[in-house]
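A.B. asks: Contents of query_32.cif (mmCIF, C-alpha atoms) are below:
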data_upload
loop_
_atom_site.group_PDB
_atom_site.id
_atom_site.type_symbol
_atom_site.label_atom_id
_atom_site.label_comp_id
_atom_site.auth_asym_id
_atom_site.auth_seq_id
_atom_site.Cartn_x
_atom_site.Cartn_y
_atom_site.Cartn_z
ATOM 1 C CA MET Q 6 -2.294 -6.515 0.787
ATOM 2 C CA LYS Q 7 0.419 -5.523 3.236
ATOM 3 C CA ARG Q 8 2.144 -3.484 0.545
ATOM 4 C CA LEU Q 9 -1.093 -1.608 -0.241
ATOM 5 C CA LEU Q 10 -1.631 -0.902 3.443
ATOM 6 C CA LEU Q 11 1.939 0.348 3.816
ATOM 7 C CA VAL Q 12 1.663 2.624 0.772
ATOM 8 C CA SER Q 13 -1.661 3.970 2.055
ATOM 9 C CA LEU Q 14 -0.170 4.739 5.461
ATOM 10 C CA VAL Q 15 2.828 6.484 3.911
ATOM 11 C CA LEU Q 16 0.541 8.613 1.731
ATOM 12 C CA LEU Q 17 -1.633 9.464 4.717
ATOM 13 C CA GLY Q 18 1.443 10.492 6.677
ATOM 14 C CA CYS Q 19 2.631 12.703 3.821
ATOM 15 C CA LEU Q 20 -0.767 14.386 3.569
ATOM 16 C CA ALA Q 21 -0.856 14.973 7.315
ATOM 17 C CA SER Q 22 2.621 16.515 7.290
ATOM 18 C CA VAL Q 23 1.703 18.813 4.393
ATOM 19 C CA GLY Q 24 -1.297 20.006 6.423
ATOM 20 C CA ALA Q 25 0.931 20.643 9.429
ATOM 21 C CA ILE Q 26 3.424 22.576 7.320
ATOM 22 C CA ALA Q 27 0.646 24.680 5.809
ATOM 23 C CA LYS Q 28 -0.407 25.881 9.281
ATOM 24 C CA VAL Q 29 2.613 28.073 9.935
ATOM 25 C CA VAL Q 30 2.023 30.518 12.783
ATOM 26 C CA LYS Q 31 2.712 34.133 11.871
ATOM 27 C CA VAL Q 32 3.297 36.744 14.561
ATOM 28 C CA THR Q 33 1.487 39.255 12.348
ATOM 29 C CA ASP Q 34 -1.772 37.265 12.311
ATOM 30 C CA PRO Q 35 -4.413 39.778 13.495
ATOM 31 C CA SER Q 36 -6.483 36.996 15.081
ATOM 32 C CA LEU Q 37 -3.701 36.162 17.562
ATOM 33 C CA PRO Q 38 -3.867 37.740 21.035
ATOM 34 C CA ARG Q 39 -1.740 40.815 21.697
ATOM 35 C CA ALA Q 40 -1.319 40.121 25.413
ATOM 36 C CA LEU Q 41 -0.495 37.276 27.770
ATOM 37 C CA PRO Q 42 -3.136 36.034 30.171
ATOM 38 C CA GLN Q 43 -2.524 37.809 33.467
ATOM 39 C CA THR Q 44 -1.895 34.989 35.899
ATOM 40 C CA GLN Q 45 1.004 36.745 37.610
ATOM 41 C CA PRO Q 46 1.648 40.217 39.027
ATOM 42 C CA VAL Q 47 3.235 41.107 35.680
ATOM 43 C CA SER Q 48 1.066 41.876 32.664
ATOM 44 C CA VAL Q 49 2.655 41.977 29.224
ATOM 45 C CA GLN Q 50 1.012 43.151 26.053
ATOM 46 C CA TRP Q 51 2.417 44.203 22.706
ATOM 47 C CA ASN Q 52 1.615 46.428 19.779
ATOM 48 C CA ASP Q 53 0.954 45.078 16.288
ATOM 49 C CA PRO Q 54 4.064 43.072 15.295
ATOM 50 C CA SER Q 55 3.588 44.001 11.627
ATOM 51 C CA GLU Q 56 4.783 47.490 12.650
ATOM 52 C CA PHE Q 57 7.880 46.219 14.478
ATOM 53 C CA GLY Q 58 11.346 46.986 13.146
ATOM 54 C CA GLU Q 59 11.848 43.243 12.777
ATOM 55 C CA MET Q 60 9.264 43.197 9.996
ATOM 56 C CA ARG Q 61 10.354 46.428 8.349
ATOM 57 C CA TYR Q 62 14.138 46.018 8.393
ATOM 58 C CA SER Q 63 14.971 42.316 8.687
ATOM 59 C CA GLY Q 64 15.638 41.738 4.996
ATOM 60 C CA ASN Q 65 13.075 38.924 4.788
ATOM 61 C CA ARG Q 66 9.635 39.738 6.161
ATOM 62 C CA ARG Q 67 8.345 36.269 5.249
ATOM 63 C CA GLU Q 68 10.865 34.572 7.544
ATOM 64 C CA SER Q 69 10.634 37.233 10.260
ATOM 65 C CA GLU Q 70 6.900 36.831 10.706
ATOM 66 C CA ARG Q 71 7.101 33.047 11.161
ATOM 67 C CA GLY Q 72 6.812 31.519 14.600
ATOM 68 C CA THR Q 73 5.794 32.662 18.049
ATOM 69 C CA TRP Q 74 8.860 34.701 18.973
ATOM 70 C CA VAL Q 75 6.874 37.770 20.115
ATOM 71 C CA LYS Q 76 4.790 35.695 22.514
ATOM 72 C CA ASP Q 77 7.897 33.768 23.602
ATOM 73 C CA LEU Q 78 9.737 36.990 24.488
ATOM 74 C CA ALA Q 79 6.665 38.362 26.275
ATOM 75 C CA GLN Q 80 6.347 35.135 28.277
ATOM 76 C CA TYR Q 81 10.036 35.256 29.166
ATOM 77 C CA MET Q 82 9.672 38.882 30.260
ATOM 78 C CA GLN Q 83 6.634 38.039 32.412
ATOM 79 C CA ASP Q 84 8.296 35.047 34.071
ATOM 80 C CA LYS Q 85 11.575 36.850 34.796
ATOM 81 C CA ALA Q 86 10.063 40.182 35.895
ATOM 82 C CA THR Q 87 7.928 38.445 38.530
ATOM 83 C CA ARG Q 88 11.122 37.633 40.453
ATOM 84 C CA TYR Q 89 11.980 41.330 40.789
ATOM 85 C CA LEU Q 90 8.737 42.435 42.447
ATOM 86 C CA GLN Q 91 7.940 42.806 46.121
ATOM 87 C CA PRO Q 92 4.751 41.062 47.275
ATOM 88 C CA GLY Q 93 1.717 43.126 46.234
ATOM 89 C CA GLN Q 94 3.483 45.023 43.471
ATOM 90 C CA GLN Q 95 2.102 45.048 39.914
ATOM 91 C CA LEU Q 96 4.146 45.608 36.755
ATOM 92 C CA ASP Q 97 2.466 46.443 33.440
ATOM 93 C CA ILE Q 98 4.641 46.202 30.322
ATOM 94 C CA THR Q 99 3.741 47.120 26.754
ATOM 95 C CA ILE Q 100 6.230 46.069 24.088
ATOM 96 C CA THR Q 101 6.151 48.745 21.396
ATOM 97 C CA ASP Q 102 8.897 47.497 19.066
ATOM 98 C CA ILE Q 103 11.254 44.564 18.588
ATOM 99 C CA THR Q 104 14.158 44.085 16.215
ATOM 100 C CA ARG Q 105 15.856 40.752 16.794
ATOM 101 C CA ALA Q 106 19.606 40.269 16.619
ATOM 102 C CA GLY Q 107 20.877 39.592 13.128
ATOM 103 C CA SER Q 108 19.345 40.049 9.716
ATOM 104 C CA TYR Q 109 18.393 38.130 6.613
ATOM 105 C CA LEU Q 110 20.683 39.211 3.810
ATOM 106 C CA PRO Q 111 19.356 39.234 0.265
ATOM 107 C CA THR Q 112 21.475 37.137 -2.048
ATOM 108 C CA GLY Q 113 21.359 36.623 -5.765
ATOM 109 C CA ALA Q 114 23.522 33.505 -5.544
ATOM 110 C CA SER Q 115 20.930 31.178 -4.087
ATOM 111 C CA PRO Q 116 17.254 31.741 -3.328
ATOM 112 C CA ASN Q 117 17.570 29.568 -0.209
ATOM 113 C CA LEU Q 118 20.236 31.704 1.436
ATOM 114 C CA ASP Q 119 17.776 34.494 2.215
ATOM 115 C CA THR Q 120 16.266 32.224 4.884
ATOM 116 C CA VAL Q 121 19.525 32.209 6.868
ATOM 117 C CA ARG Q 122 19.678 34.771 9.661
ATOM 118 C CA VAL Q 123 23.150 36.322 9.731
ATOM 119 C CA ILE Q 124 24.302 37.327 13.207
ATOM 120 C CA LYS Q 125 26.827 40.180 13.162
ATOM 121 C CA ASP Q 126 27.564 42.942 15.635
ATOM 122 C CA ILE Q 127 26.116 45.535 13.235
ATOM 123 C CA TYR Q 128 22.641 43.992 13.758
ATOM 124 C CA PRO Q 129 22.099 44.270 17.547
ATOM 125 C CA PRO Q 130 18.847 43.293 19.260
ATOM 126 C CA ARG Q 131 16.483 46.156 20.125
ATOM 127 C CA ILE Q 132 13.329 46.241 22.213
ATOM 128 C CA SER Q 133 11.264 49.335 22.989
ATOM 129 C CA LEU Q 134 8.763 49.173 25.818
ATOM 130 C CA ASP Q 135 6.603 51.167 28.193
ATOM 131 C CA PHE Q 136 6.249 50.064 31.817
ATOM 132 C CA LYS Q 137 4.446 51.029 35.002
ATOM 133 C CA LEU Q 138 5.277 49.624 38.439
ATOM 134 C CA SER Q 139 2.557 50.029 41.090
ATOM 135 C CA ASP Q 140 2.378 49.100 44.759
ATOM 136 C CA GLY Q 141 -0.391 47.053 46.372
ATOM 137 C CA ASN Q 142 -2.617 50.155 46.662
ATOM 138 C CA GLY Q 143 -2.305 51.051 42.988
ATOM 139 C CA GLN Q 144 0.103 53.940 43.636
ATOM 140 C CA VAL Q 145 2.620 54.303 40.795
ATOM 141 C CA ILE Q 146 6.163 53.684 42.038
ATOM 142 C CA SER Q 147 7.886 54.175 38.701
ATOM 143 C CA GLU Q 148 7.016 54.290 35.033
ATOM 144 C CA GLY Q 149 8.627 55.152 31.762
ATOM 145 C CA GLN Q 150 9.680 54.238 28.282
ATOM 146 C CA ARG Q 151 12.822 52.286 27.606
ATOM 147 C CA LYS Q 152 14.713 51.579 24.408
ATOM 148 C CA LEU Q 153 16.860 48.525 25.029
ATOM 149 C CA VAL Q 154 19.838 47.974 22.718
ATOM 150 C CA ASP Q 155 22.717 45.582 23.301
ATOM 151 C CA SER Q 156 25.518 46.687 20.972
ATOM 152 C CA ALA Q 157 27.919 44.226 22.621
ATOM 153 C CA PHE Q 158 25.543 41.267 22.345
ATOM 154 C CA LEU Q 159 28.182 39.014 20.778
ATOM 155 C CA MET Q 160 30.724 39.678 23.547
ATOM 156 C CA GLY Q 161 29.043 37.621 26.246
ATOM 157 C CA SER Q 162 27.494 34.955 24.082
ATOM 158 C CA ASN Q 163 27.822 31.287 24.846
ATOM 159 C CA SER Q 164 28.621 29.453 21.620
ATOM 160 C CA MET Q 165 26.856 26.354 22.963
ATOM 161 C CA ASP Q 166 23.538 28.183 23.508
ATOM 162 C CA THR Q 167 21.112 27.303 20.718
ATOM 163 C CA ASP Q 168 18.146 29.397 21.857
ATOM 164 C CA THR Q 169 17.240 31.586 18.866
ATOM 165 C CA LEU Q 170 16.162 34.370 21.247
ATOM 166 C CA ARG Q 171 19.213 34.196 23.536
ATOM 167 C CA TYR Q 172 20.441 37.719 22.732
ATOM 168 C CA GLU Q 173 17.053 39.310 23.318
ATOM 169 C CA LYS Q 174 16.535 37.358 26.549
ATOM 170 C CA ARG Q 175 19.918 38.409 27.913
ATOM 171 C CA MET Q 176 19.073 42.029 27.078
ATOM 172 C CA ILE Q 177 15.768 41.668 28.980
ATOM 173 C CA ASP Q 178 17.651 40.220 31.971
ATOM 174 C CA ASP Q 179 20.055 43.181 31.921
ATOM 175 C CA TRP Q 180 17.181 45.685 31.794
ATOM 176 C CA LEU Q 181 15.336 44.045 34.692
ATOM 177 C CA ARG Q 182 18.498 44.107 36.836
ATOM 178 C CA ARG Q 183 19.239 47.760 35.987
ATOM 179 C CA GLU Q 184 15.643 48.899 36.444
ATOM 180 C CA PHE Q 185 14.594 46.910 39.518
ATOM 181 C CA GLY Q 186 17.822 45.821 41.249
ATOM 182 C CA GLU Q 187 18.478 42.257 42.276
ATOM 183 C CA PRO Q 188 15.676 39.673 42.169
ATOM 184 C CA LYS Q 189 13.527 39.656 45.313
ATOM 185 C CA ARG Q 190 12.381 36.063 44.953
#
Translate this file's structure into structure tokens.

C.D. replies:
Amino acid sequence: MKRLLLVSLVLLGCLASVGAIAKVVKVTDPSLPRALPQTQPVSVQWNDPSEFGEMRYSGNRRESERGTWVKDLAQYMQDKATRYLQPGQQLDITITDITRAGSYLPTGASPNLDTVRVIKDIYPPRISLDFKLSDGNGQVISEGQRKLVDSAFLMGSNSMDTDTLRYEKRMIDDWLRREFGEPKR
């Protein structure tokens, strides 16, 4: 009886894990939101990720579209940018393109190797965005389009950092500092 119960529980666990694996989040899912909820003075939205360079040039669209990396980068941008604003200011950001650092290289040797993201200096991170900074009265202080590229992204990397978006996040930090000066908060 105990053995039957144990086998049943193991089978149930396997079925549950298969269901969880089947529900992979894809950044290209059209039913997903294309903006963060605006709970801060920084609003971030993004264009259709299926049009991003990451999807078109990564070498493995199937792997590139997995996960929540677009939302994660948008959330990071919103959280960090808030520190650079004066009280009453509003910053609106639209991410128009993202190509993450590295690439998936096609290999004929093993079908599993095309799921490994190869990080080399010839595959730098890139983010294109539009922004508009307004004061408390809605007057535009500055606005523009920026194409962020960090060609030296491997130079300042910390080998102990395991964040898969570390290069893109550091590039965002650099842009915020260049664009808005030192953090105000």

A.B. asks: Which residues are close to Arg105 of chain Q, i.e. within 9 Å by only C-alpha atoms, leaving aside same-chain residues fewer than 2 positions away? Reply as a list in words.

C.D. replies: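 With the cut-off at 9 Å, the set is Gly58, Glu59, Ser63, Ile103, Gly107, Ser108, Tyr128, Pro129, Pro130, Arg131, Ile132, Leu170, Tyr172 and Glu173 of chain Q.
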
A.B. asks: Residues picked by the PyMOL selection byres ((chain Q and resi 92) around 10) here, as a VMD selection string?

C.D. replies: chain Q and resid 46 87 to 91 93 to 95 140 to 141 189 to 190

A.B. asks: For Gln150 of chain Q, find every residue with an atom within 9 Å (counting all atoms listed in the file), except residues of its own chain fewer than 2 positions away, and show them as a PyMOL selection string.

C.D. replies: chain Q and resi 133-136+148+152

A.B. asks: Those residues with C-alpha atoms, as an mmCIF file, in the frame of the given file please?

C.D. replies:
data_model
loop_
_atom_site.group_PDB
_atom_site.id
_atom_site.type_symbol
_atom_site.label_atom_id
_atom_site.label_comp_id
_atom_site.auth_asym_id
_atom_site.auth_seq_id
_atom_site.Cartn_x
_atom_site.Cartn_y
_atom_site.Cartn_z
ATOM 1 C CA SER Q 133 11.264 49.335 22.989
ATOM 2 C CA LEU Q 134 8.763 49.173 25.818
ATOM 3 C CA ASP Q 135 6.603 51.167 28.193
ATOM 4 C CA PHE Q 136 6.249 50.064 31.817
ATOM 5 C CA GLU Q 148 7.016 54.290 35.033
ATOM 6 C CA LYS Q 152 14.713 51.579 24.408
#

A.B. asks: Rounded to one decimal in Å, what is the spacing between atom CA of Gln80 of chain Q and atom CA of Leu96 of chain Q?

C.D. replies: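 Computed distance, atom CA of Gln80 of chain Q to atom CA of Leu96 of chain Q, equals 13.7 Å.
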
A.B. asks: Considering all atoms listed in the file, can you say which of Q:Lys31, Q:Arg183, Q:Arg122, Q:Arg171 comes closest to Gly64 of chain Q?

C.D. replies: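 Nearest to Gly64 of chain Q: Q:Arg122.
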
A.B. asks: Taking the file above as input, evaluate the PyMOL selection byres ((chain Q and resi 99) around 10) and report the hits as a ChimeraX atom specification.

C.D. replies: /Q:39-40,48-52,79,97-98,100-102,133-137,150

A.B. asks: I need the residues from that last selection saved to file as a compact mmCIF listing (two decimals), in the frame of the given file (with C-alpha atoms), if you can.

C.D. replies:
# COMPACT_ATOMS: atom_id res chain seq x y z
CA ARG Q 39 -1.74 40.82 21.70
CA ALA Q 40 -1.32 40.12 25.41
CA SER Q 48 1.07 41.88 32.66
CA VAL Q 49 2.66 41.98 29.22
CA GLN Q 50 1.01 43.15 26.05
CA TRP Q 51 2.42 44.20 22.71
CA ASN Q 52 1.62 46.43 19.78
CA ALA Q 79 6.66 38.36 26.28
CA ASP Q 97 2.47 46.44 33.44
CA ILE Q 98 4.64 46.20 30.32
CA ILE Q 100 6.23 46.07 24.09
CA THR Q 101 6.15 48.74 21.40
CA ASP Q 102 8.90 47.50 19.07
CA SER Q 133 11.26 49.34 22.99
CA LEU Q 134 8.76 49.17 25.82
CA ASP Q 135 6.60 51.17 28.19
CA PHE Q 136 6.25 50.06 31.82
CA LYS Q 137 4.45 51.03 35.00
CA GLN Q 150 9.68 54.24 28.28

A.B. asks: Starting from the shown file, work through the PyMOL selection byres ((chain Q and resi 33) around 6) and note down what comes out as a list in words.

C.D. replies: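 Here the PyMOL selection byres ((chain Q and resi 33) around 6) matches Lys31, Val32, Asp34, Pro54 and Ser55 of chain Q.
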
A.B. asks: So, with all atoms listed in the file as the atoms that count, which of Q:Lys76, Q:Arg61, Q:Arg182, Q:Lys125 lies closest to Pro42 of chain Q?

C.D. replies: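 So, comparing all the options, the nearest one is Q:Lys76.
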
A.B. asks: From the list Q:Leu159, Q:Ala86, Q:Lys174, Q:Ile124, which residue is nearest Gly186 of chain Q when using all atoms listed in the file?

C.D. replies: Q:Ala86

A.B. asks: When distances are computed from only C-alpha atoms, which of Q:Tyr109, Q:Tyr62, Q:Tyr81, Q:Trp74 shows the smallest separation from Arg175 of chain Q?

C.D. replies: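 Result for the nearest residue to Arg175 of chain Q: Q:Tyr81.
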
A.B. asks: Give me, please, the distance in Å between atom CA of Ile127 of chain Q and atom CA of Ser156 of chain Q, quoted to one decimal.

C.D. replies: 7.8 Å

A.B. asks: Could you tell me how far atom CA of Glu68 of chain Q lies from atom CA of Val123 of chain Q, in Å and to one decimal?

C.D. replies: 12.6 Å
